[in-house]
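For reference, data10.csv is printed below; it contains CSV, C-alpha atoms.
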chain,number,residue,atom,x,y,z
Y,52,MET,CA,2.7,0.1,25.3
Y,53,THR,CA,-0.2,2.3,24.2
Y,54,ASN,CA,0.1,1.1,20.7
Y,55,ILE,CA,0.1,-2.6,21.8
Y,56,VAL,CA,-3.0,-2.0,23.8
Y,57,LEU,CA,-4.7,-0.3,20.9
Y,58,ARG,CA,-3.8,-3.0,18.5
Y,59,GLY,CA,-5.1,-5.6,20.9
Y,60,LEU,CA,-8.4,-3.8,21.3
Y,61,ASN,CA,-8.7,-3.6,17.5
Y,62,TRP,CA,-7.9,-7.3,17.2
Y,63,VAL,CA,-10.9,-8.1,19.5
Y,64,ILE,CA,-13.2,-5.7,17.6
Y,65,ARG,CA,-12.2,-7.3,14.3
Y,66,PHE,CA,-12.2,-10.9,15.5
Y,67,ARG,CA,-15.2,-11.9,13.4
Y,68,HIS,CA,-13.7,-10.3,10.3
Y,69,ARG,CA,-11.1,-13.0,9.7
Y,70,CYS,CA,-10.4,-15.8,7.2
Y,71,GLY,CA,-12.9,-14.5,4.7
Y,72,TYR,CA,-16.0,-15.3,6.8
Y,73,GLY,CA,-19.2,-13.9,5.3
Y,74,VAL,CA,-17.5,-12.9,2.0
Y,75,HIS,CA,-19.5,-14.2,-1.0
Y,76,SER,CA,-17.5,-12.7,-3.9
Y,77,PRO,CA,-15.1,-15.4,-5.2
Y,78,SER,CA,-12.4,-12.8,-6.2
Y,79,ASP,CA,-12.5,-11.1,-2.8
Y,80,PHE,CA,-12.5,-14.4,-1.0
Y,81,PHE,CA,-9.4,-15.5,-3.0
Y,82,LEU,CA,-7.7,-12.2,-2.2
Y,83,ILE,CA,-8.4,-12.5,1.5
Y,84,THR,CA,-7.6,-16.3,1.8
Y,85,PHE,CA,-4.7,-16.8,-0.6
Y,86,VAL,CA,-3.0,-13.3,-0.6
Y,87,ILE,CA,-3.7,-11.5,2.7
Y,88,TYR,CA,-3.7,-14.6,4.9
Y,89,GLU,CA,-1.2,-16.6,2.9
Y,90,LYS,CA,1.3,-18.3,5.3
Y,91,LEU,CA,3.7,-20.0,2.9
Y,92,PRO,CA,7.1,-18.5,2.6
Y,93,PHE,CA,8.0,-16.7,-0.6
Y,94,TYR,CA,11.4,-17.0,-2.4
Y,95,ALA,CA,12.5,-13.5,-1.6
Y,96,TYR,CA,11.5,-13.2,2.1
Y,97,ASP,CA,14.9,-14.3,3.5
Y,98,THR,CA,17.0,-11.8,1.4
Y,99,LEU,CA,14.5,-9.0,2.1
Y,100,HIS,CA,14.7,-9.8,5.8
Y,101,GLU,CA,18.5,-9.3,5.7
Y,102,LEU,CA,18.0,-6.1,3.7
Y,103,ARG,CA,16.1,-4.6,6.5
Y,104,LYS,CA,19.4,-4.2,8.4
Y,105,LEU,CA,20.7,-1.9,5.7
Y,106,ALA,CA,17.7,0.4,5.5
Y,107,VAL,CA,18.2,4.2,5.9
Y,108,GLY,CA,16.3,5.6,8.8
Y,109,LYS,CA,13.5,4.2,11.0
Y,110,GLU,CA,11.4,1.2,10.0
Y,111,TYR,CA,8.1,2.4,8.6
Y,112,HIS,CA,6.1,-0.9,8.5
Y,113,ARG,CA,6.3,-4.1,10.5
Y,114,GLU,CA,7.8,-7.0,8.6
Y,115,LYS,CA,4.4,-8.7,8.5
Y,116,VAL,CA,3.0,-5.7,6.6
Y,117,ASP,CA,5.9,-5.5,4.2
Y,118,LYS,CA,5.4,-9.2,3.4
Y,119,LEU,CA,1.7,-8.4,2.7
Y,120,LEU,CA,2.8,-5.7,0.3
Y,121,PHE,CA,5.0,-8.2,-1.4
Y,122,ARG,CA,2.1,-10.7,-1.8
Y,123,LEU,CA,-0.3,-8.0,-3.1
Y,124,VAL,CA,2.1,-6.9,-5.8
Y,125,ASN,CA,2.9,-10.6,-6.6
Y,126,TYR,CA,-0.9,-11.1,-7.0
Y,127,LEU,CA,-1.7,-7.9,-8.9
Y,128,GLN,CA,1.3,-7.9,-11.2
Y,129,PRO,CA,1.0,-4.1,-11.8
Y,130,SER,CA,2.9,-2.5,-14.7
Y,131,SER,CA,4.0,0.5,-12.5
Y,132,LEU,CA,4.2,1.6,-8.9
Y,133,LEU,CA,3.9,5.2,-7.9
Y,134,GLU,CA,4.9,5.5,-4.3
Y,135,LEU,CA,4.4,8.7,-2.4
Y,136,GLY,CA,6.8,8.9,0.5
Y,137,PRO,CA,9.2,6.0,0.4
Y,138,GLY,CA,9.9,6.1,4.2
Y,139,ASN,CA,13.1,4.1,4.8
Y,140,GLY,CA,12.8,2.4,1.4
Y,141,ILE,CA,12.2,-1.1,2.7
Y,142,SER,CA,8.5,-1.3,1.7
Y,143,THR,CA,9.5,-0.2,-1.8
Y,144,CYS,CA,12.0,-3.0,-2.0
Y,145,TYR,CA,9.5,-5.6,-1.0
Y,146,MET,CA,7.1,-4.5,-3.7
Y,147,ALA,CA,9.7,-4.1,-6.4
Y,148,ARG,CA,11.1,-7.6,-5.7
Y,149,ALA,CA,7.6,-9.1,-6.2
Y,150,CYS,CA,7.3,-7.9,-9.8
Y,151,LYS,CA,10.5,-7.3,-11.6
Y,152,LYS,CA,8.8,-5.9,-14.7
Y,153,MET,CA,7.1,-3.2,-12.7
Y,154,LYS,CA,8.4,0.4,-13.2
Y,155,VAL,CA,9.0,2.1,-9.9
Y,156,VAL,CA,8.6,5.9,-9.3
Y,157,THR,CA,8.9,7.3,-5.8
Y,158,PHE,CA,8.1,10.9,-4.7
Y,159,GLY,CA,9.6,12.3,-1.5
Y,160,GLU,CA,8.8,15.7,0.0
Y,161,GLU,CA,12.5,16.4,0.8
Y,162,LYS,CA,15.5,15.2,-1.1
Y,163,ASP,CA,17.4,12.4,0.7
Y,164,ASN,CA,20.6,11.4,-1.1
Y,165,ARG,CA,21.3,8.4,1.2
Y,166,LEU,CA,17.8,7.0,0.6
Y,167,GLU,CA,18.0,7.6,-3.1
Y,168,GLN,CA,21.3,5.8,-3.2
Y,169,PHE,CA,19.8,2.9,-1.3
Y,170,LEU,CA,16.8,2.6,-3.5
Y,171,LYS,CA,18.7,2.8,-6.8
Y,172,GLY,CA,21.2,0.3,-5.4
Y,173,GLN,CA,18.4,-2.2,-4.8
Y,174,ILE,CA,16.0,-1.3,-7.6
Y,175,SER,CA,17.7,-0.6,-10.9
Y,176,ARG,CA,14.4,0.6,-12.5
Y,177,CYS,CA,13.6,3.0,-9.7
Y,178,ASN,CA,13.1,6.7,-10.5
Y,179,CYS,CA,13.3,9.0,-7.4
Y,180,LEU,CA,11.6,12.3,-7.5
Y,181,TRP,CA,11.5,15.0,-4.8
Y,182,GLY,CA,9.5,18.1,-4.1
Y,183,ASP,CA,5.8,19.1,-4.3
Y,184,ILE,CA,3.0,17.5,-6.2
Y,185,PRO,CA,3.4,18.2,-9.9
Y,186,ASP,CA,0.8,20.5,-11.4
Y,187,VAL,CA,0.5,18.4,-14.5
Y,188,PHE,CA,1.1,14.6,-14.8
Y,189,PRO,CA,2.5,13.0,-18.0
Y,190,ALA,CA,-0.3,12.1,-20.5
Y,191,ASP,CA,1.0,8.6,-20.7
Y,192,LEU,CA,1.0,8.1,-16.9
Y,193,ASN,CA,-0.5,4.7,-16.2
Y,194,LEU,CA,-1.8,4.4,-12.7
Y,195,SER,CA,-1.5,0.7,-12.0
Y,196,LEU,CA,-0.5,0.7,-8.3
Y,197,VAL,CA,-0.3,3.7,-6.1
Y,198,HIS,CA,1.1,3.5,-2.6
Y,199,ILE,CA,0.2,6.5,-0.4
Y,200,SER,CA,2.8,6.1,2.3
Y,201,SER,CA,4.8,8.6,4.5
Y,202,VAL,CA,3.7,11.9,3.0
Y,203,SER,CA,2.1,14.8,4.9
Y,204,ASN,CA,0.0,16.0,1.9
Y,205,TYR,CA,-1.7,12.6,1.3
Y,206,LYS,CA,-5.1,14.3,0.8
Y,207,GLU,CA,-3.9,16.5,-2.0
Y,208,TRP,CA,-2.1,13.6,-3.7
Y,209,VAL,CA,-5.2,11.5,-3.7
Y,210,GLU,CA,-7.4,14.3,-5.1
Y,211,LYS,CA,-4.9,14.8,-7.9
Y,212,LEU,CA,-4.7,11.1,-8.7
Y,213,ILE,CA,-8.3,9.7,-8.4
Y,214,PRO,CA,-9.4,11.3,-11.7
Y,215,LEU,CA,-6.6,9.4,-13.4
Y,216,ALA,CA,-7.6,6.1,-11.9
Y,217,ASN,CA,-9.1,3.3,-14.1
Y,218,LYS,CA,-10.7,0.0,-13.5
Y,219,SER,CA,-7.3,-1.7,-13.1
Y,220,THR,CA,-5.9,0.8,-10.6
Y,221,CYS,CA,-5.3,-0.1,-7.0
Y,222,PHE,CA,-4.5,2.4,-4.2
Y,223,LEU,CA,-2.7,1.3,-1.1
Y,224,ILE,CA,-3.1,3.6,1.9
Y,225,SER,CA,-0.5,3.1,4.6
Y,226,LYS,CA,-1.5,3.6,8.2
Y,227,PRO,CA,-5.0,5.0,7.7
Y,228,TYR,CA,-5.5,5.1,11.5
Y,229,ALA,CA,-2.2,7.0,12.2
Y,230,THR,CA,-4.0,10.1,13.4
Y,231,ARG,CA,-7.6,11.1,14.1
Y,232,GLU,CA,-7.6,13.4,11.1
Y,233,LYS,CA,-6.3,10.6,8.8
Y,234,LYS,CA,-8.8,8.1,10.2
Y,235,LYS,CA,-11.7,10.6,9.4
Y,236,TRP,CA,-10.3,11.1,5.9
Y,237,TRP,CA,-10.0,7.3,5.3
Y,238,LYS,CA,-13.6,6.8,6.3
Y,239,THR,CA,-14.6,9.6,3.8
Y,240,LEU,CA,-12.6,7.9,1.1
Y,241,ILE,CA,-14.3,4.6,1.7
Y,242,ALA,CA,-17.7,6.3,1.2
Y,243,ASP,CA,-16.5,8.3,-1.8
Y,244,GLU,CA,-18.6,7.5,-4.9
Y,245,ARG,CA,-15.4,7.6,-7.0
Y,246,THR,CA,-13.9,4.6,-5.2
Y,247,GLY,CA,-15.0,1.0,-5.6
Y,248,VAL,CA,-14.5,-2.1,-3.5
Y,249,THR,CA,-12.3,-1.2,-0.4
Y,250,PHE,CA,-10.5,-3.3,2.2
Y,251,ASP,CA,-9.5,-2.2,5.7
Y,252,LEU,CA,-6.6,-4.1,7.3
Y,253,TYR,CA,-5.9,-1.4,9.9
Y,254,ASP,CA,-2.2,-1.1,8.9
Y,255,ILE,CA,-3.1,-0.9,5.2
Y,256,GLY,CA,-6.2,0.3,3.3
Y,257,ILE,CA,-6.8,-1.1,-0.2
Y,258,ILE,CA,-8.9,0.7,-2.8
Y,259,PHE,CA,-10.0,-0.7,-6.2
Y,260,PHE,CA,-11.7,1.4,-8.9
Y,261,ASP,CA,-13.6,-1.2,-11.0
Y,262,LYS,CA,-17.0,0.5,-11.2
Y,263,SER,CA,-18.6,-2.5,-12.8
Y,264,ARG,CA,-18.6,-4.1,-9.4
Y,265,ILE,CA,-21.0,-3.3,-6.6
Y,266,LYS,CA,-19.3,-1.0,-4.1
Y,267,GLU,CA,-18.5,-2.9,-0.9
Y,268,HIS,CA,-16.3,-2.3,2.1
Y,269,ARG,CA,-14.5,-5.2,3.8
Y,270,ILE,CA,-12.9,-5.1,7.2
Y,271,ILE,CA,-10.1,-7.7,7.7
Y,272,ASN,CA,-8.5,-8.7,10.9
Y,273,PHE,CA,-4.8,-8.6,10.0
Y,274,LEU,CA,-3.5,-7.4,13.3

What would the structure in this file look like if it were written as structure tokens?
Amino acid sequence: MTNIVLRGLNWVIRFRHRCGYGVHSPSDFFLITFVIYEKLPFYAYDTLHELRKLAVGKEYHREKVDKLLFRLVNYLQPSSLLELGPGNGISTCYMARACKKMKVVTFGEEKDNRLEQFLKGQISRCNCLWGDIPDVFPADLNLSLVHISSVSNYKEWVEKLIPLANKSTCFLISKPYATREKKKWWKTLIADERTGVTFDLYDIGIIFFDKSRIKEHRIINFL
């Protein structure tokens, strides 16, 4: 009940931040209008909905949010996905289904054989890794899309990965308001001079790194 009340309060607060009102950038307006708020059904929604019944463990995101992740990947067409904390694997499947050429690498803090079996059964090109943050990343690591999901050491991951980001990199931050500490960190990340244009959808934070653009922050009512 508390979560419903909190979401309702945030919906009211964000009411004027809807449908791209006040956004003058054509690319940002397109992203908001035709990706974030897109209502048309996509080809994979039905099969992915059925897949939710087979997921290992508790659902991490609402289906509305997973559909958004699908649309974002479909729009961005990234060459690779680095996901930190696959949760129950459903969000990973939504993103992987949106771009079949995309390489998928997931990092989990503790090995989960059932989850790995589920992910590899659904995503043939998925590489599941477990353990701590690597001290050294491969020289050819291409940070196209990074999903910071259900990991406790999200701050350390981001500090390791930001120096490797380029103008085509996009970070997705899941549940930036999950705790008071994470909310504070998210606000700091928005203001960080190393990040570019950012979007706050409450359930998801989106960070771009194209430094040729003026740094702006957009609040979106996606509740």

Problem - Contacts of Glu101 in chain Y within 12 Å, only C-alpha atoms, excl. fewer than 6 positions in-chain, as a PyMOL selection string - result: chain Y and resi 95+114+141+144-145

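Minimum distance to Ile199 in chain Y across Y:Leu133, Y:Leu105, Y:Leu120, Y:Leu274 (counting only C-alpha atoms) occurs at Y:Leu133.
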
Handout entry: d(CA of Lys104 in chain Y, CA of Phe169 in chain Y) in Å
Key =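 Interatomic distance here is 12.0 Å.
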
Practice task
For CA of Tyr228 in chain Y and CA of Val197 in chain Y, quote the distance in Å rounded to one decimal.
Solution key: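 Computed distance, CA of Tyr228 in chain Y to CA of Val197 in chain Y, equals 18.4 Å.
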
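With distances taken over all atoms listed in the file, Y:Cys221 is the one residue among Y:Thr157, Y:Ile270, Y:Cys221, Y:Asn204 lying closest to Ser130 in chain Y.
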
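By chain and then residue number, the residues within 8 Å of Pro227 in chain Y are Lys233, Lys234, Trp237, Tyr253, Asp254, Ile255 and Gly256 of chain Y, counting all atoms listed in the file and disregarding those fewer than 6 positions away in sequence.
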
Practice task
Between Y:Gln173, Y:Gln168, Y:Ser225, Y:Ser219, single out the one closest to Leu135 in chain Y, counting all atoms listed in the file.
Solution key: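 Among the listed residues, the smallest separation from Leu135 in chain Y belongs to Y:Ser225.
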
Handout entry: Shell of 12 Å around Tyr205 in chain Y, all atoms listed in the file, local chain residues under 2 positions omitted, as a VMD selection string
Key = chain Y and resid 134 to 136 158 to 160 183 to 184 197 to 203 207 to 212 222 to 227 232 to 233 236 to 237 240

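CA of Asn217 in chain Y is positioned 15.6 Å from CA of Gln128 in chain Y.
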
Write out as a tab-separated table the residues of range 222-271 of chain Y that have any atom within 10 Å of an atom of range 75-85 of chain Y, one row each with the nearest atom pair and its distance in Å to one decimal, counting only C-alpha atoms, sorted by chain and then rising number.
residue	atom	partner	partner_atom	distance
Y:Val248	CA	Y:Asp79	CA	9.2
Y:Phe250	CA	Y:Ile83	CA	9.5
Y:Arg269	CA	Y:Asp79	CA	9.1
Y:Ile271	CA	Y:Ile83	CA	8.0

Please write the residues from the selection above to a file, keeping C-alpha atoms, as a compact mmCIF listing (two decimals), keeping the file's coordinate frame.
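Generated file (selection_18.txt):
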# COMPACT_ATOMS: atom_id res chain seq x y z
CA VAL Y 248 -14.50 -2.10 -3.50
CA PHE Y 250 -10.50 -3.30 2.20
CA ARG Y 269 -14.50 -5.20 3.80
CA ILE Y 271 -10.10 -7.70 7.70

Problem - Distance query 12 Å from (-16.2, 9.5, -2.9) using only C-alpha atoms, result as a PyMOL selection string - result: chain Y and resi 209-210+213-214+236-249+258+260+266

Exercise for the section: List the neighbours of Arg113 in chain Y out to 10 Å using all atoms listed in the file; skip same-chain residues closer than 3 positions along the sequence, and give me the result as number ranges by chain. Expected result: Y: 110, 116-118, 142, 254

Exercise for the section: Tell me which of Y:Arg231, Y:Arg264, Y:Lys115, Y:Arg176 sits closest to His100 in chain Y, counting all atoms listed in the file. Expected result: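 So, comparing all the options, the nearest one is Y:Lys115.
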
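When all atoms listed in the file are used to measure the gap to Leu119 in chain Y, the shortest distance among Y:Lys162, Y:Phe273, Y:Pro185, Y:Thr230 belongs to Y:Phe273.
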
Exercise for the section: Compile the contact shell of Thr220 in chain Y as a PyMOL selection string: residues with an atom at most 7 Å away, counting all atoms listed in the file, same-chain residues fewer than 3 positions apart removed. Expected result: chain Y and resi 194-196+216-217+259-260

Problem - Among the residues Y:Gly108, Y:Leu91, Y:Val86, Y:Arg103, the one that comes closest to Phe121 in chain Y [using all atoms listed in the file] - result: Y:Val86
